[in-house]
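I have placed the structure first, in the form of structure tokens, so that the comments after it can refer back to it.
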Amino acid sequence: MGPRTGAGRSVCRGPAGSRARHDDRARCDGDRLLRRGEGLHEEGGLRLGARTAARTDTGRVRENNEDRYLVREERTSTLLAVADGVGGEAGGEMASAAAVDALAASFFSAGSRQLAPAEALAAAIRGANDAVLGAAGKSGQQGAASTLVAAAIAGSSAVIGNLGDSRAYLLRDGDIRLVTADHAGEFQSSITRFVGDPRGVQPDVFVETLRPGDRILLCSDGLTRHVPDEDIASTVRRASLDRAATALVDLAKSRGGEDNITVVLYAARRTFRLADLRRNIVNLVLALLVVTVLVGTIAALVFASGAYPTAR
């Protein structure tokens with residue numbers, strides 16, 4: 001493993017056994033900072049049909065990728081997630097991988113079917129916290145942690161939960177709105193809420209009603225530290241999902257690429273109601289009638305003018 005490069009990343013921890021604080025501007029004790037380490041990740045992206053696209057990249061400074069993303073469809077739900085690992089050496093890679101694996105296992109478990117979607121997602125995020133703690137204990141990577149932002153989508157409902165500074169955006173009619181709030185510390189690149197916290201976690205949970213054509217973006221801070229919201233909106237607005245995902249990563253890299261960059265995009269289904277079908281059928285019939293009348297009129301005029309050849 002080569003030497004580390006790039007800015008460090010840290011989490012702010014309270015005393016062992018204390019309850020998780022919700023002061024997003026909490027001061028970090030410098031002696032307790034956990035620096036971002038290096039992990040392993042296969043570069044590339046994912047595309048599922050025309051509704052979902054994802055891409056991750058190491059960036060231009062770091063040697064390894066500690067980000068992880070999740071795109072999973074099961075039953076009537078789609079689950080998306082981005083995790084940005086923190087912890088030193090292989091700890092960050094381990095933490096982000098454990099987080100997304102546990103999130104999916106919990107959310108799609110039989111027990112979660114009895115819960116409301118918001119409760120199921122919050123419980124899955126708490127399960128991810130337990131999984132990271134367990135994996136860290138088994139591997140000896142004490143202090144490993146990760147951000148986590150997730151979206152559970154069913155029909156027109158999107159439930160979004162987060163810990164840390166990985167973000168969720170809603171893009172609608174060309175505009176962009178930040179759904180989540182960063183859990184950021186006083187120092188740059190520090191976070192106050194994260195999975196891997198022995199005090200327990202309480203994720204923020206938001207519920208959005210999607211409209212046809214809406215897009216959801218989940219991303220790590222490797223994107224947002226270089227690309228402002230306005231540039232994100234313009235990039236997503238003028239491209240397909242797959243091209244937009246690639247363009248966002250390339251844009252962040254062109255402006256420095258100081259951190260790993262991960263984006264997940266989702267496009268809400270364009271519904272087709274029965275009323276729309278009837279209206280379209282009526283419009284089609286009217287258009288055919290107009291064409292028929294025009295063709296008949298032109299044929300009659302041509303025949304009357306004598307330009308139409310007749311048999312002798």
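Residue names in the structure tokens use chain letters A, B, ... in the order shown, residue numbers from 1 in each chain, and ligand numbers from 1 in the order shown.
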
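For Asp182 (chain A), the residues within 9 Å (counting only C-alpha atoms, excluding itself and residues fewer than 5 positions away along the chain) are Asp24, Asn162, Leu163, Gly164, Asp165, Ser166, Arg167 and Ile191 of chain A.
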
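Between Ala247 (chain A) and the candidates A:Arg75, A:His226, A:Arg55, A:Arg269, the tightest atom-to-atom separation, counting only C-alpha atoms, involves A:Arg55.
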
Using only C-alpha atoms, what table do you get, as CSV, when you list each residue of region 136-161 of chain A with an atom no more than 8 Å from region 83-107 of chain A, its nearest pair of atoms, and their distance in Å rounded to one decimal, rows by chain then rising number?
residue,atom,partner,partner_atom,distance
A:Ala136,CA,A:Ala95,CA,7.4
A:Gln141,CA,A:Gly91,CA,5.5
A:Gly143,CA,A:Gly87,CA,6.1
A:Ala144,CA,A:Gly87,CA,4.1
A:Ala145,CA,A:Val86,CA,5.0
A:Ser146,CA,A:Gly85,CA,4.1
A:Thr147,CA,A:Asp84,CA,5.1
A:Leu148,CA,A:Ala83,CA,4.5
A:Val149,CA,A:Ala83,CA,6.6

Using C-alpha atoms, can you write the selected residues to a file as a PDB file, in the first residue's frame?
ATOM      1  CA  ALA A 136     -14.496  -3.064  13.195  1.00  0.00           C
ATOM      2  CA  GLN A 141     -10.075  -1.563  12.881  1.00  0.00           C
ATOM      3  CA  GLY A 143     -12.732   3.626  15.225  1.00  0.00           C
ATOM      4  CA  ALA A 144     -13.640   2.873  11.608  1.00  0.00           C
ATOM      5  CA  ALA A 145     -16.746   4.776  10.533  1.00  0.00           C
ATOM      6  CA  SER A 146     -18.661   5.972   7.496  1.00  0.00           C
ATOM      7  CA  THR A 147     -21.204   8.493   6.343  1.00  0.00           C
ATOM      8  CA  LEU A 148     -24.442   7.052   5.003  1.00  0.00           C
ATOM      9  CA  VAL A 149     -27.237   8.535   2.918  1.00  0.00           C
TER      10      VAL A 149
END

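Between Leu217 (chain A) and the residues A:Leu170, A:Ile153, A:Gly200, A:Leu70, the shortest atom-to-atom distance, using only C-alpha atoms, involves A:Leu170.
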
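Restricting the calculation to only C-alpha atoms, the smallest distance between Val205 (chain A) and any of A:Ala53, A:Leu133, A:Cys219, A:Ala123 is found for A:Ala123.
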
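Closest approach to Asp221 (chain A) from the set A:Asp259, A:Asp175, A:Glu208, A:Glu66 is made by A:Asp259, with distances taken over only C-alpha atoms.
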
Between CA of Leu218 (chain A) and CA of Val195 (chain A) lies a distance of 16.9 Å

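Distances from A:Ser156, A:Thr235, A:Ser189, A:Thr58 to Leu210 (chain A) were compared using only C-alpha atoms, and the smallest one belongs to A:Ser156.
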
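Minimum atom-to-atom distances from A:Pro198, A:Tyr266, A:Ile261, A:Ala184 to Leu171 (chain A) were compared using only C-alpha atoms, and the lowest value belongs to A:Tyr266.
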
DSSP strand (DSSP E or B) residues within region 54-201 of chain A, as a ChimeraX atom specification = /A:54-57,67-74,77-86,145-146,148-154,157-163,167-172,175-178,184,190-191,195

Just C-alpha atoms for this one: save the residues we selected as a short mmCIF file (atom, residue, chain, number, x, y, z; two decimals), in the first residue's frame.
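Saved file out.cif follows:
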data_model
loop_
_atom_site.label_atom_id
_atom_site.label_comp_id
_atom_site.auth_asym_id
_atom_site.auth_seq_id
_atom_site.Cartn_x
_atom_site.Cartn_y
_atom_site.Cartn_z
CA ALA A 54 -24.43 5.25 -10.55
CA ARG A 55 -20.74 5.97 -10.82
CA THR A 56 -17.77 6.06 -8.46
CA ASP A 57 -14.20 7.22 -9.00
CA ASP A 67 -16.78 5.14 -1.16
CA ARG A 68 -19.48 2.52 -1.69
CA TYR A 69 -22.86 2.78 -3.36
CA LEU A 70 -25.94 0.58 -3.42
CA VAL A 71 -28.69 0.21 -6.02
CA ARG A 72 -31.14 -2.59 -5.31
CA GLU A 73 -34.68 -3.30 -6.47
CA GLU A 74 -36.79 -5.86 -4.66
CA SER A 77 -39.18 -0.87 -3.57
CA THR A 78 -35.92 0.57 -4.83
CA LEU A 79 -33.16 1.17 -2.29
CA LEU A 80 -30.29 3.55 -3.07
CA ALA A 81 -27.35 4.45 -0.84
CA VAL A 82 -23.94 6.13 -0.75
CA ALA A 83 -21.41 5.55 2.03
CA ASP A 84 -18.12 7.44 2.43
CA GLY A 85 -15.70 5.57 4.68
CA VAL A 86 -13.53 7.04 7.42
CA ALA A 145 -16.75 4.78 10.53
CA SER A 146 -18.66 5.97 7.50
CA LEU A 148 -24.44 7.05 5.00
CA VAL A 149 -27.24 8.53 2.92
CA ALA A 150 -30.05 6.32 1.64
CA ALA A 151 -33.31 6.62 -0.27
CA ALA A 152 -36.12 4.06 -0.23
CA ILE A 153 -38.53 4.62 -3.11
CA ALA A 154 -41.91 2.97 -3.66
CA SER A 157 -43.02 8.11 -2.18
CA ALA A 158 -39.33 8.59 -1.40
CA VAL A 159 -38.03 8.19 2.16
CA ILE A 160 -34.52 9.59 2.64
CA GLY A 161 -32.25 9.16 5.66
CA ASN A 162 -28.72 10.30 6.40
CA LEU A 163 -25.80 10.46 8.81
CA ARG A 167 -26.07 14.35 0.53
CA ALA A 168 -29.44 13.78 -1.12
CA TYR A 169 -30.86 16.25 -3.64
CA LEU A 170 -34.24 16.48 -5.36
CA LEU A 171 -34.19 17.85 -8.91
CA ARG A 172 -37.54 19.00 -10.30
CA ASP A 175 -34.40 23.28 -10.17
CA ILE A 176 -32.40 21.60 -7.39
CA ARG A 177 -33.15 21.33 -3.67
CA LEU A 178 -30.95 19.89 -0.94
CA ALA A 184 -20.53 18.62 9.93
CA SER A 190 -15.13 16.42 10.09
CA ILE A 191 -18.54 14.90 10.79
CA VAL A 195 -22.31 4.83 11.26
#
